[in-house]
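What follows is a single structure, written as structure tokens, with notes after it.
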Amino acid sequence: MSHVLAAVAWPYANGPRHIGHVSGFGVPSDVFARYMRMAGHDVLMVSGTDEHGTPIQVQADADGVTPRELADRYNRVIVEDLHGLGLSYDLFTRTTTRNHYAVVQELFEGMYRNGYIVPKTTMGAISPSTGRTLPDRYIEGTCPICGYDSARGDQCDNCGNQLDPIDLIDPKSRINGETPKFVETEHFFLDLPALADVLRQWLDTREGWRPNVLRFSRNLLDDLQPRAITRDLEWGVPIPLDGWRDRPDKRIYVWFDAVIGYLSASIEWARRSGDPEAWRRWWSTDGEGKDARAYYFMGKDNIVFHSVIWPALLSGYSGEGSRDGEPGELGRLNLPTEVVSSEYLTMEGRKFSSSRKVVIYVRDFLERYDADALRYFIAAAGPESNDTDFTWAEFLRRNNDELVAGWGNLVNRSISMAAKNFGAIPPVDPAGLTEADEALLAVARAGFATVGDLIGRHRQKQAIGEAMKVVAEANKYLSEQAPWKLKGEADKPRMGTVLHVALQVISDANTLLTPFLPHSAQQVHELLGGTGVHAPMPVIEQVDDLDGGPAYPVLTGDYTVGARWESVPLEAGRPLAAPKPVFRKLDPSIVDEELARLAG
Ligand SMILES: [Zn+2]
């Protein structure tokens with residue numbers, strides 16, 4: 001057993017999340033975490049909503065609410081959506097907790113003491129008519145990188161690059177349209193060049209990464225510049241230094257605070273577990289966490305934060321860059337083992353866009369379709385290592401032809417036939433198993449090594465393909481053995497054997513599919529007469545802030561129960577449940593309906 005951290009990208013709380021988002025960070029991380037737990041590892045899976053920064057402030061202004069009120073609204077929506085998908089977070093929290101503020105400030109101070117955060121005079125915008133500071137969010141202009149004409153002072157929403165207001169071409173105040181004046185102002189910068197060597201050494205020792213992610217990360221190191229980590233903004237974590245702490249107009253930049261969420265959420269989980277130091281088993285380089293592995297899951301637009309910025313922060317805090325230094329009170333911290341980045345999902349050939357309504361939100365999807373139908377599509381046809389298009393026609397085909405006609409049909413006809421003729425798991429004929437019986441059982445048993453290895457190496461598409469091969473073999477076996485023809489008294493023992501073999505293989509295939517399809521796996525377990533939890537599910541709990549802030553909902557769960565990653569022999573005579581379909585066949589008319597919604 002080893003300690004495995006599943007660190008999942010933090011969804012931004014400025015709106016509901018769509019299926020493109022959850023296909024990048026959500027489902028792949030859950031499949032991995034579920035498998036690793038089933039295989040006996042001690043997994044800690046953490047994340048939360050990312051709630052600071054300009055976009056939330058801008059939208060709150062537009063809606064006439066406070067940023068906190070806006071974050072509260074979408075934090076709850078996102079928590080409920082991730083719960084609906086069955087994502088098994090040990091803790092899904094948020095960045096507005098007091099615990100998170102304290103951990104962010106501790107990392108900032110530690111890096112500052114070690115010399116990796118340095119003050120620098122830079123040019124900030126003021127309004128010429130009032131003489132007051134003009135926050136980044138109130139400045140708009142043309143992006144110097146992609147030419148998008150509504151880029152904001154801190155980021156271009158079109159190309160995703162971070163900007164400084166002074167970089168914008170033709171900057172304008174969004175308040176009154178005037179051209180801002182740039183004057184000298186002080187900010188704090190992360191000294192990335194001082195951490196370049198340690199980052200390069202770390203990247204050189206990485207194994208098994210997707211080649212494009214490693215290449216992209218290496219290229220980022222070629223031109224590292226100091227990067228501003230504070231902004232002119234009121235919404236965010238205060239700067240924990242004398243003379244800055246109480247300034248209402250300067251905050252730590254949202255990307256700096258959000259990546260620290262992996263650590264603060266782990267600490268929050270430990271504090272809630274009753275053992276406040278338990279987080280160290282996944283994080284402490286020197287102590288009990290030194291053999292822990294840490295996997296980070298995200299879409300490719302976030303690679304830079306996980307393969308450069310976050311390891312730079314961890315190294316600087318641990319005192320490991322070219323300026324040396326001492327680790328802070330949290331000790332030396334583990335760097336990522338692997339950055340697992342997926343590519344983009346598009347929708348009917350177009351980029352997802354909430355403003356242009358090219359979108360299907362998780363909530364709307366789950367109102368009309370089952371969570372496992374979406375999870376199946378993402379695992380089998382998602383953007384694992386190539387940009388991939390979601391089409392309703394392909395969703396329908398995958399659901400009806402593979403999930404319903406392949407897996408659902410195997411489960412349904414085998415269990416129905418066994419229930420009708422035996423009422424229980426049938427016994428094996430004393431005459432024994434044939435070669436065909438043995439061969440099929442062996443295929444299913446071999447799946448545990450094959451599928452497990454592929455999930456462990458983040459090849460989930462291939463993994464679910466191998467699991468579905470077991471299903472296809474079992475369907476072929478049933479057609480060949482035709483147990484429905486073995487009706488007579490003399491043939492009945494053989495019918496029992498065939499159905500016993502089929503049900504055993506269904507039980508094994510169900511375990512192989514459990515990380516991908518946890519909801520239906522629980523149902524199949526119960527249809528086979530199993531009791532108790534097979535695939536544990538997350539729960540939403542309303543909790544008090546540990547340090548006196550407002551209460552909030554979290555996702556958590558007890559995942560110590562449930563199936564293990566192994567074949568469990570079925571006992572003859574175990575009563576079977578009344579058969580009922582596990583998956584829903586969809587009517588082809590949903591394609592036109594959904595396309596009409598998209599157009600409307
Ligand atoms: Zn741009």
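By order in the structure tokens, chains are A, B, ...; within a chain, residues start at 1; ligands start at 1, following the order shown.
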
Taking only C-alpha atoms and all ligand atoms into account, list the residues no farther than 7 Å from ligand 1, as a PDB file with C-alpha atoms, in the first residue's frame.
```pdb
ATOM      1  CA  CYS A 143      -4.836  41.597 -26.377  1.00  0.00           C
ATOM      2  CA  PRO A 144      -1.211  42.073 -27.514  1.00  0.00           C
ATOM      3  CA  ILE A 145      -0.920  38.329 -28.110  1.00  0.00           C
ATOM      4  CA  CYS A 146      -4.052  37.313 -30.025  1.00  0.00           C
ATOM      5  CA  GLY A 147      -5.672  40.629 -30.956  1.00  0.00           C
ATOM      6  CA  TYR A 148      -8.941  39.934 -29.088  1.00  0.00           C
ATOM      7  CA  ALA A 151      -9.114  41.500 -23.116  1.00  0.00           C
ATOM      8  CA  CYS A 156      -7.292  37.595 -22.073  1.00  0.00           C
ATOM      9  CA  ASP A 157     -10.387  35.398 -22.069  1.00  0.00           C
ATOM     10  CA  ASN A 158      -9.834  34.530 -25.706  1.00  0.00           C
ATOM     11  CA  CYS A 159      -6.287  33.136 -25.649  1.00  0.00           C
ATOM     12  CA  GLY A 160      -6.061  32.568 -21.897  1.00  0.00           C
ATOM     13  CA  ASN A 161      -2.751  34.397 -21.474  1.00  0.00           C
TER      14      ASN A 161
END
```

Test item: residues at most 12 Å from Ile464 in chain A, only C-alpha atoms, excluding those fewer than 2 positions along its chain, as an MDAnalysis selection string: chainID A and resid 28 31 375:382 402:403 407 447:448 450:455 458:462 466:471 509:517

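By chain and then residue number, the residues within 7 Å of Ile540 in chain A are Pro553, Val554, Leu555 and Thr556 of chain A, counting only C-alpha atoms and disregarding those fewer than 3 positions away in sequence.
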
Quick one: DSSP helix (DSSP H, G or I) residues in range 105-198 of chain A, as a PDB file with N, CA and C atoms, in the first residue's frame?
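Below is the file that was written, states.pdb:
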```pdb
ATOM      1  N   GLN A 105      -1.084  32.290   3.070  1.00  0.00           N
ATOM      2  CA  GLN A 105      -0.203  33.298   3.674  1.00  0.00           C
ATOM      3  C   GLN A 105       1.071  32.659   4.220  1.00  0.00           C
ATOM      4  N   GLU A 106       0.957  31.450   4.743  1.00  0.00           N
ATOM      5  CA  GLU A 106       2.155  30.746   5.226  1.00  0.00           C
ATOM      6  C   GLU A 106       3.120  30.470   4.063  1.00  0.00           C
ATOM      7  N   LEU A 107       2.590  30.037   2.923  1.00  0.00           N
ATOM      8  CA  LEU A 107       3.475  29.782   1.782  1.00  0.00           C
ATOM      9  C   LEU A 107       4.095  31.078   1.259  1.00  0.00           C
ATOM     10  N   PHE A 108       3.286  32.133   1.228  1.00  0.00           N
ATOM     11  CA  PHE A 108       3.797  33.423   0.774  1.00  0.00           C
ATOM     12  C   PHE A 108       4.944  33.876   1.678  1.00  0.00           C
ATOM     13  N   GLU A 109       4.723  33.811   2.987  1.00  0.00           N
ATOM     14  CA  GLU A 109       5.751  34.269   3.929  1.00  0.00           C
ATOM     15  C   GLU A 109       7.015  33.436   3.831  1.00  0.00           C
ATOM     16  N   GLY A 110       6.834  32.104   3.714  1.00  0.00           N
ATOM     17  CA  GLY A 110       8.000  31.221   3.627  1.00  0.00           C
ATOM     18  C   GLY A 110       8.829  31.523   2.383  1.00  0.00           C
ATOM     19  N   MET A 111       8.167  31.734   1.284  1.00  0.00           N
ATOM     20  CA  MET A 111       8.874  32.031   0.039  1.00  0.00           C
ATOM     21  C   MET A 111       9.528  33.405   0.098  1.00  0.00           C
ATOM     22  N   TYR A 112       8.849  34.332   0.761  1.00  0.00           N
ATOM     23  CA  TYR A 112       9.384  35.682   0.904  1.00  0.00           C
ATOM     24  C   TYR A 112      10.656  35.650   1.750  1.00  0.00           C
ATOM     25  N   ARG A 113      10.596  34.920   2.873  1.00  0.00           N
ATOM     26  CA  ARG A 113      11.777  34.789   3.747  1.00  0.00           C
ATOM     27  C   ARG A 113      12.952  34.182   3.001  1.00  0.00           C
ATOM     28  N   ASP A 136      -7.474  46.333 -11.972  1.00  0.00           N
ATOM     29  CA  ASP A 136      -7.258  45.637 -13.253  1.00  0.00           C
ATOM     30  C   ASP A 136      -8.562  45.316 -13.975  1.00  0.00           C
ATOM     31  N   ARG A 137      -9.574  44.991 -13.191  1.00  0.00           N
ATOM     32  CA  ARG A 137     -10.812  44.522 -13.821  1.00  0.00           C
ATOM     33  C   ARG A 137     -11.531  45.641 -14.546  1.00  0.00           C
ATOM     34  N   TYR A 138     -11.180  46.877 -14.216  1.00  0.00           N
ATOM     35  CA  TYR A 138     -11.864  48.000 -14.866  1.00  0.00           C
ATOM     36  C   TYR A 138     -11.106  48.495 -16.096  1.00  0.00           C
ATOM     37  N   PRO A 165      -2.052  45.225 -17.234  1.00  0.00           N
ATOM     38  CA  PRO A 165      -2.860  46.257 -17.902  1.00  0.00           C
ATOM     39  C   PRO A 165      -2.045  47.082 -18.905  1.00  0.00           C
ATOM     40  N   ILE A 166      -0.779  47.306 -18.559  1.00  0.00           N
ATOM     41  CA  ILE A 166       0.043  48.161 -19.432  1.00  0.00           C
ATOM     42  C   ILE A 166       0.361  47.479 -20.768  1.00  0.00           C
ATOM     43  N   ASP A 167       0.197  46.145 -20.839  1.00  0.00           N
ATOM     44  CA  ASP A 167       0.434  45.415 -22.098  1.00  0.00           C
ATOM     45  C   ASP A 167      -0.675  45.618 -23.114  1.00  0.00           C
ATOM     46  N   LEU A 192      10.857  33.405 -10.643  1.00  0.00           N
ATOM     47  CA  LEU A 192      10.930  32.114 -11.341  1.00  0.00           C
ATOM     48  C   LEU A 192      12.331  31.776 -11.864  1.00  0.00           C
ATOM     49  N   PRO A 193      13.113  32.776 -12.361  1.00  0.00           N
ATOM     50  CA  PRO A 193      14.463  32.407 -12.825  1.00  0.00           C
ATOM     51  C   PRO A 193      15.310  31.742 -11.734  1.00  0.00           C
ATOM     52  N   ALA A 194      15.094  32.120 -10.462  1.00  0.00           N
ATOM     53  CA  ALA A 194      15.868  31.513  -9.368  1.00  0.00           C
ATOM     54  C   ALA A 194      15.438  30.074  -9.099  1.00  0.00           C
ATOM     55  N   LEU A 195      14.335  29.660  -9.700  1.00  0.00           N
ATOM     56  CA  LEU A 195      13.828  28.308  -9.484  1.00  0.00           C
ATOM     57  C   LEU A 195      13.913  27.450 -10.751  1.00  0.00           C
ATOM     58  N   ALA A 196      14.453  28.035 -11.816  1.00  0.00           N
ATOM     59  CA  ALA A 196      14.474  27.336 -13.110  1.00  0.00           C
ATOM     60  C   ALA A 196      15.294  26.052 -13.054  1.00  0.00           C
ATOM     61  N   ASP A 197      16.459  26.095 -12.384  1.00  0.00           N
ATOM     62  CA  ASP A 197      17.324  24.902 -12.356  1.00  0.00           C
ATOM     63  C   ASP A 197      16.661  23.740 -11.625  1.00  0.00           C
ATOM     64  N   VAL A 198      16.061  24.047 -10.486  1.00  0.00           N
ATOM     65  CA  VAL A 198      15.441  22.967  -9.710  1.00  0.00           C
ATOM     66  C   VAL A 198      14.230  22.406 -10.467  1.00  0.00           C
TER      67      VAL A 198
END
```

Excluding range 573-584 of chain A and its own-chain neighbours fewer than 5 positions away, which residues fall within 8 Å of it when counting only C-alpha atoms? Please give them as a ChimeraX atom specification. /A:403-404,408,412,415-416,419,423-427,520,523-524,526-529

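Using only C-alpha atoms, the shortest contact distance between Asp558 in chain A and any of A:Leu595, A:Ala436, A:Val533, A:Ala572 is found at A:Val533.
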
Could you give me, as an mmCIF file with N, CA and C atoms, in the first residue's frame, the residues within 9 Å of Glu234 in chain A, counting only C-alpha atoms and dropping anything in the same chain fewer than 4 positions from it?
```cif
data_model
loop_
_atom_site.group_PDB
_atom_site.id
_atom_site.type_symbol
_atom_site.label_atom_id
_atom_site.label_comp_id
_atom_site.auth_asym_id
_atom_site.auth_seq_id
_atom_site.Cartn_x
_atom_site.Cartn_y
_atom_site.Cartn_z
ATOM 1 N N GLN A 57 -15.284 39.095 -9.378
ATOM 2 C CA GLN A 57 -15.598 40.470 -8.961
ATOM 3 C C GLN A 57 -16.410 41.179 -10.055
ATOM 4 N N PRO A 135 -8.542 49.530 -10.619
ATOM 5 C CA PRO A 135 -8.278 48.079 -10.518
ATOM 6 C C PRO A 135 -8.222 47.420 -11.899
ATOM 7 N N PRO A 238 -5.336 38.672 1.505
ATOM 8 C CA PRO A 238 -4.449 39.809 1.801
ATOM 9 C C PRO A 238 -2.976 39.396 1.831
ATOM 10 N N ARG A 247 -3.940 46.728 3.690
ATOM 11 C CA ARG A 247 -4.278 47.533 2.504
ATOM 12 C C ARG A 247 -5.472 46.925 1.787
ATOM 13 N N PRO A 248 -6.527 47.689 1.584
ATOM 14 C CA PRO A 248 -7.725 47.126 0.954
ATOM 15 C C PRO A 248 -7.591 46.963 -0.565
ATOM 16 N N ASP A 249 -6.576 47.560 -1.173
ATOM 17 C CA ASP A 249 -6.519 47.621 -2.634
ATOM 18 C C ASP A 249 -5.499 46.667 -3.249
ATOM 19 N N LYS A 250 -4.800 45.885 -2.408
ATOM 20 C CA LYS A 250 -3.788 44.954 -2.943
ATOM 21 C C LYS A 250 -4.099 43.553 -2.446
ATOM 22 N N ARG A 251 -4.126 42.606 -3.366
ATOM 23 C CA ARG A 251 -4.425 41.226 -2.989
ATOM 24 C C ARG A 251 -3.464 40.278 -3.698
#
```

With distances taken over only C-alpha atoms, the candidate from A:Asn14, A:Thr179, A:Ser29, A:Thr560 nearest Tyr74 in chain A is A:Asn14

When distances are computed from only C-alpha atoms, which of A:Ser479, A:Asn212, A:Ser284, A:Thr95 shows the smallest separation from Phe256 in chain A? A:Thr95

Which residues are close to range 79-84 of chain A, i.e. within 10 Å by only C-alpha atoms, leaving aside same-chain residues fewer than 4 positions away? Reply as a compact mmCIF listing (two decimals) with all heavy atoms, in the first residue's frame.
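Dumped everything to around-v3.txt:
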```
# COMPACT_ATOMS: atom_id res chain seq x y z
N PRO A 16 -22.06 27.76 -13.64
CA PRO A 16 -22.12 26.29 -13.61
C PRO A 16 -21.07 25.72 -14.56
O PRO A 16 -20.65 26.38 -15.51
CB PRO A 16 -23.53 25.98 -14.09
CG PRO A 16 -23.98 27.18 -14.85
CD PRO A 16 -23.22 28.37 -14.32
N ARG A 17 -20.66 24.48 -14.31
CA ARG A 17 -19.65 23.84 -15.18
C ARG A 17 -20.34 23.01 -16.26
O ARG A 17 -21.39 22.42 -16.03
CB ARG A 17 -18.74 22.94 -14.36
CG ARG A 17 -17.92 23.66 -13.31
CD ARG A 17 -16.93 24.64 -13.88
NE ARG A 17 -17.51 25.98 -14.02
CZ ARG A 17 -16.89 27.02 -14.55
NH1 ARG A 17 -15.67 26.92 -14.99
NH2 ARG A 17 -17.51 28.18 -14.65
N HIS A 18 -19.74 22.98 -17.46
CA HIS A 18 -20.31 22.18 -18.55
C HIS A 18 -19.55 20.87 -18.70
O HIS A 18 -18.56 20.63 -18.01
CB HIS A 18 -20.36 23.00 -19.84
CG HIS A 18 -19.03 23.55 -20.31
ND1 HIS A 18 -17.98 22.74 -20.67
CD2 HIS A 18 -18.61 24.82 -20.48
CE1 HIS A 18 -16.97 23.50 -21.06
NE2 HIS A 18 -17.31 24.76 -20.94
N VAL A 22 -15.89 18.84 -16.99
CA VAL A 22 -15.77 17.61 -16.19
C VAL A 22 -15.11 16.47 -16.98
O VAL A 22 -14.65 15.51 -16.38
CB VAL A 22 -17.13 17.16 -15.60
CG1 VAL A 22 -17.64 18.21 -14.62
CG2 VAL A 22 -18.14 16.85 -16.67
N GLY A 26 -12.72 16.12 -14.13
CA GLY A 26 -13.60 15.43 -13.20
C GLY A 26 -13.59 13.93 -13.30
O GLY A 26 -13.16 13.22 -12.38
N VAL A 27 -14.07 13.41 -14.41
CA VAL A 27 -14.24 11.97 -14.52
C VAL A 27 -12.89 11.23 -14.52
O VAL A 27 -12.73 10.24 -13.80
CB VAL A 27 -15.12 11.61 -15.74
CG1 VAL A 27 -15.15 10.11 -15.97
CG2 VAL A 27 -16.53 12.16 -15.53
N GLY A 48 -11.69 21.82 -4.81
CA GLY A 48 -12.67 22.76 -4.30
C GLY A 48 -12.95 23.81 -5.36
O GLY A 48 -12.40 23.74 -6.46
N THR A 49 -13.81 24.76 -5.03
CA THR A 49 -14.05 25.82 -6.00
C THR A 49 -13.04 26.95 -5.81
O THR A 49 -12.69 27.31 -4.70
CB THR A 49 -15.48 26.38 -5.90
OG1 THR A 49 -15.84 26.50 -4.52
CG2 THR A 49 -16.48 25.46 -6.59
N TYR A 74 -22.43 29.72 -6.81
CA TYR A 74 -21.89 28.74 -7.76
C TYR A 74 -21.09 27.63 -7.07
O TYR A 74 -20.98 26.54 -7.60
CB TYR A 74 -21.10 29.44 -8.86
CG TYR A 74 -22.04 30.21 -9.76
CD1 TYR A 74 -21.97 31.60 -9.86
CD2 TYR A 74 -23.06 29.55 -10.45
CE1 TYR A 74 -22.86 32.30 -10.66
CE2 TYR A 74 -23.96 30.24 -11.23
CZ TYR A 74 -23.86 31.62 -11.34
OH TYR A 74 -24.75 32.30 -12.11
N ASN A 75 -20.57 27.90 -5.89
CA ASN A 75 -19.96 26.83 -5.12
C ASN A 75 -20.99 25.73 -4.89
O ASN A 75 -20.73 24.54 -5.09
CB ASN A 75 -19.44 27.38 -3.79
CG ASN A 75 -19.19 26.28 -2.76
OD1 ASN A 75 -20.02 26.05 -1.87
ND2 ASN A 75 -18.08 25.57 -2.88
N SER A 88 -15.70 10.98 -6.28
CA SER A 88 -15.47 10.53 -4.90
C SER A 88 -14.38 11.34 -4.20
O SER A 88 -13.35 10.81 -3.78
CB SER A 88 -15.11 9.04 -4.91
OG SER A 88 -13.96 8.81 -5.71
N TYR A 89 -14.63 12.63 -4.04
CA TYR A 89 -13.67 13.48 -3.32
C TYR A 89 -13.64 13.12 -1.84
O TYR A 89 -14.69 12.97 -1.22
CB TYR A 89 -14.07 14.95 -3.44
CG TYR A 89 -13.97 15.51 -4.84
CD1 TYR A 89 -15.08 15.56 -5.67
CD2 TYR A 89 -12.76 16.00 -5.31
CE1 TYR A 89 -14.98 16.08 -6.95
CE2 TYR A 89 -12.66 16.52 -6.60
CZ TYR A 89 -13.77 16.55 -7.41
OH TYR A 89 -13.67 17.07 -8.67
N PHE A 92 -14.00 18.11 -1.06
CA PHE A 92 -14.14 19.16 -2.06
C PHE A 92 -14.58 20.40 -1.30
O PHE A 92 -15.68 20.45 -0.78
CB PHE A 92 -15.18 18.78 -3.13
CG PHE A 92 -15.27 19.79 -4.24
CD1 PHE A 92 -14.48 19.68 -5.37
CD2 PHE A 92 -16.15 20.88 -4.14
CE1 PHE A 92 -14.55 20.63 -6.40
CE2 PHE A 92 -16.23 21.82 -5.17
CZ PHE A 92 -15.43 21.68 -6.30
N THR A 93 -13.69 21.39 -1.19
CA THR A 93 -13.93 22.55 -0.36
C THR A 93 -13.93 23.81 -1.22
O THR A 93 -14.41 23.77 -2.36
CB THR A 93 -12.89 22.58 0.80
OG1 THR A 93 -13.07 23.75 1.58
CG2 THR A 93 -11.46 22.51 0.30
N ARG A 94 -13.38 24.91 -0.73
CA ARG A 94 -13.40 26.16 -1.50
C ARG A 94 -12.23 27.04 -1.06
O ARG A 94 -11.63 26.78 -0.03
CB ARG A 94 -14.74 26.87 -1.32
CG ARG A 94 -15.09 27.14 0.11
CD ARG A 94 -16.57 27.48 0.30
NE ARG A 94 -16.97 28.62 -0.53
CZ ARG A 94 -18.13 29.26 -0.40
NH1 ARG A 94 -19.00 28.88 0.54
NH2 ARG A 94 -18.44 30.26 -1.19
N TYR A 361 -24.69 22.18 -19.77
CA TYR A 361 -24.23 22.18 -18.39
C TYR A 361 -24.44 20.80 -17.76
O TYR A 361 -25.35 20.06 -18.14
CB TYR A 361 -24.96 23.24 -17.58
CG TYR A 361 -24.60 24.64 -18.01
CD1 TYR A 361 -25.52 25.48 -18.61
CD2 TYR A 361 -23.29 25.12 -17.84
CE1 TYR A 361 -25.18 26.75 -19.02
CE2 TYR A 361 -22.94 26.39 -18.25
CZ TYR A 361 -23.88 27.20 -18.85
OH TYR A 361 -23.53 28.44 -19.28
N VAL A 362 -23.60 20.48 -16.80
CA VAL A 362 -23.67 19.18 -16.13
C VAL A 362 -25.08 18.97 -15.57
O VAL A 362 -25.67 17.90 -15.72
CB VAL A 362 -22.62 19.11 -14.99
CG1 VAL A 362 -22.84 17.87 -14.13
CG2 VAL A 362 -21.21 19.12 -15.58
N ARG A 363 -25.62 20.01 -14.95
CA ARG A 363 -26.94 19.88 -14.33
C ARG A 363 -28.01 19.51 -15.35
O ARG A 363 -28.82 18.62 -15.12
CB ARG A 363 -27.29 21.22 -13.68
CG ARG A 363 -28.69 21.24 -13.16
CD ARG A 363 -28.77 22.09 -11.94
NE ARG A 363 -27.64 21.79 -11.05
CZ ARG A 363 -27.65 22.06 -9.74
NH1 ARG A 363 -28.70 22.60 -9.20
NH2 ARG A 363 -26.61 21.79 -8.99
N ASP A 364 -28.02 20.19 -16.49
CA ASP A 364 -29.03 19.91 -17.51
C ASP A 364 -28.85 18.50 -18.06
O ASP A 364 -29.81 17.80 -18.34
CB ASP A 364 -28.93 20.94 -18.64
CG ASP A 364 -29.24 22.34 -18.14
OD1 ASP A 364 -30.01 22.46 -17.16
OD2 ASP A 364 -28.70 23.32 -18.69
N PHE A 365 -27.59 18.13 -18.24
CA PHE A 365 -27.31 16.78 -18.73
C PHE A 365 -27.88 15.74 -17.78
O PHE A 365 -28.57 14.80 -18.18
CB PHE A 365 -25.79 16.60 -18.88
CG PHE A 365 -25.42 15.49 -19.81
CD1 PHE A 365 -24.97 15.76 -21.08
CD2 PHE A 365 -25.55 14.16 -19.42
CE1 PHE A 365 -24.64 14.74 -21.96
CE2 PHE A 365 -25.22 13.13 -20.29
CZ PHE A 365 -24.77 13.42 -21.56
N LEU A 366 -27.62 15.92 -16.49
CA LEU A 366 -28.03 14.90 -15.50
C LEU A 366 -29.54 14.90 -15.27
O LEU A 366 -30.09 13.93 -14.77
CB LEU A 366 -27.29 15.12 -14.17
CG LEU A 366 -25.77 14.88 -14.23
CD1 LEU A 366 -25.15 15.09 -12.85
CD2 LEU A 366 -25.43 13.50 -14.78
N GLU A 367 -30.22 15.99 -15.64
CA GLU A 367 -31.67 15.97 -15.55
C GLU A 367 -32.28 15.06 -16.62
O GLU A 367 -33.37 14.53 -16.45
CB GLU A 367 -32.23 17.39 -15.73
CG GLU A 367 -32.42 18.09 -14.41
CD GLU A 367 -32.81 19.54 -14.57
OE1 GLU A 367 -33.31 19.92 -15.66
OE2 GLU A 367 -32.59 20.29 -13.61
N ASP A 370 -28.49 9.65 -17.54
CA ASP A 370 -27.86 9.10 -16.33
C ASP A 370 -26.38 9.47 -16.26
O ASP A 370 -25.71 9.59 -17.29
CB ASP A 370 -28.01 7.58 -16.31
CG ASP A 370 -29.48 7.17 -16.20
OD1 ASP A 370 -30.25 7.93 -15.58
OD2 ASP A 370 -29.84 6.10 -16.73
N ALA A 371 -25.92 9.60 -15.03
CA ALA A 371 -24.51 9.98 -14.81
C ALA A 371 -23.57 8.98 -15.49
O ALA A 371 -22.58 9.36 -16.10
CB ALA A 371 -24.22 10.07 -13.32
N MET A 537 -20.19 6.17 -2.58
CA MET A 537 -20.58 7.43 -3.22
C MET A 537 -20.29 8.62 -2.30
O MET A 537 -20.37 8.49 -1.09
CB MET A 537 -22.07 7.39 -3.53
CG MET A 537 -22.39 6.56 -4.76
SD MET A 537 -21.63 7.31 -6.24
CE MET A 537 -21.64 5.89 -7.32
N PRO A 538 -20.00 9.77 -2.90
CA PRO A 538 -19.78 10.96 -2.09
C PRO A 538 -21.09 11.47 -1.48
O PRO A 538 -22.17 11.16 -1.99
CB PRO A 538 -19.25 11.98 -3.11
CG PRO A 538 -19.83 11.54 -4.42
CD PRO A 538 -19.91 10.04 -4.34
N VAL A 539 -20.96 12.22 -0.40
CA VAL A 539 -22.13 12.86 0.21
C VAL A 539 -21.84 14.36 0.34
O VAL A 539 -20.68 14.77 0.43
CB VAL A 539 -22.44 12.28 1.60
CG1 VAL A 539 -22.95 10.85 1.50
CG2 VAL A 539 -21.23 12.36 2.54
N ILE A 540 -22.91 15.15 0.33
CA ILE A 540 -22.77 16.60 0.57
C ILE A 540 -23.04 16.84 2.06
O ILE A 540 -24.05 16.38 2.59
CB ILE A 540 -23.78 17.41 -0.27
CG1 ILE A 540 -23.54 17.16 -1.76
CG2 ILE A 540 -23.69 18.89 0.07
CD1 ILE A 540 -24.58 17.82 -2.67
N PRO A 553 -21.04 24.09 2.15
CA PRO A 553 -21.20 22.66 1.83
C PRO A 553 -19.89 22.07 1.31
O PRO A 553 -19.16 22.73 0.58
CB PRO A 553 -22.25 22.66 0.72
CG PRO A 553 -22.09 23.99 0.05
CD PRO A 553 -21.52 24.95 1.06
N VAL A 554 -19.58 20.84 1.71
CA VAL A 554 -18.43 20.14 1.14
C VAL A 554 -18.90 18.79 0.60
O VAL A 554 -19.94 18.28 0.99
CB VAL A 554 -17.31 19.88 2.18
CG1 VAL A 554 -16.76 21.18 2.73
CG2 VAL A 554 -17.79 18.97 3.32
N LEU A 555 -18.10 18.25 -0.30
CA LEU A 555 -18.28 16.87 -0.73
C LEU A 555 -17.26 16.03 0.01
O LEU A 555 -16.08 16.39 0.06
CB LEU A 555 -17.97 16.73 -2.23
CG LEU A 555 -19.08 16.84 -3.24
CD1 LEU A 555 -18.49 16.55 -4.62
CD2 LEU A 555 -20.19 15.87 -2.94
N THR A 556 -17.71 14.91 0.54
CA THR A 556 -16.79 14.02 1.24
C THR A 556 -17.39 12.62 1.19
O THR A 556 -18.41 12.42 0.53
CB THR A 556 -16.54 14.52 2.68
OG1 THR A 556 -15.58 13.68 3.31
CG2 THR A 556 -17.83 14.54 3.50
```

Per DSSP on the backbone, what are the strand (DSSP E or B) residues of range 2-86 of chain A, as a PyMOL selection string? chain A and resi 3-8+12+18+42-50

Would you export the selected residues with C-alpha atoms as a PDB file, in the first residue's frame, please?
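Heads up, here's the output in result_37.pdb:
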```
ATOM      1  CA  HIS A   3      -0.123   6.947  -0.298  1.00  0.00           C
ATOM      2  CA  VAL A   4      -1.553   8.458  -3.452  1.00  0.00           C
ATOM      3  CA  LEU A   5      -2.687  12.065  -3.773  1.00  0.00           C
ATOM      4  CA  ALA A   6      -5.282  12.699  -6.475  1.00  0.00           C
ATOM      5  CA  ALA A   7      -5.147  16.478  -6.870  1.00  0.00           C
ATOM      6  CA  VAL A   8      -7.986  17.639  -9.077  1.00  0.00           C
ATOM      7  CA  TYR A  12     -13.854  28.439 -11.128  1.00  0.00           C
ATOM      8  CA  HIS A  18     -20.312  22.185 -18.546  1.00  0.00           C
ATOM      9  CA  ASP A  42      -4.433   5.013   0.584  1.00  0.00           C
ATOM     10  CA  VAL A  43      -5.864   7.721  -1.674  1.00  0.00           C
ATOM     11  CA  LEU A  44      -6.509  11.336  -0.763  1.00  0.00           C
ATOM     12  CA  MET A  45      -8.561  13.103  -3.429  1.00  0.00           C
ATOM     13  CA  VAL A  46      -8.992  16.838  -2.885  1.00  0.00           C
ATOM     14  CA  SER A  47     -10.185  19.928  -4.693  1.00  0.00           C
ATOM     15  CA  GLY A  48     -12.672  22.761  -4.304  1.00  0.00           C
ATOM     16  CA  THR A  49     -14.054  25.824  -6.004  1.00  0.00           C
ATOM     17  CA  ASP A  50     -11.636  28.586  -7.024  1.00  0.00           C
TER      18      ASP A  50
END
```
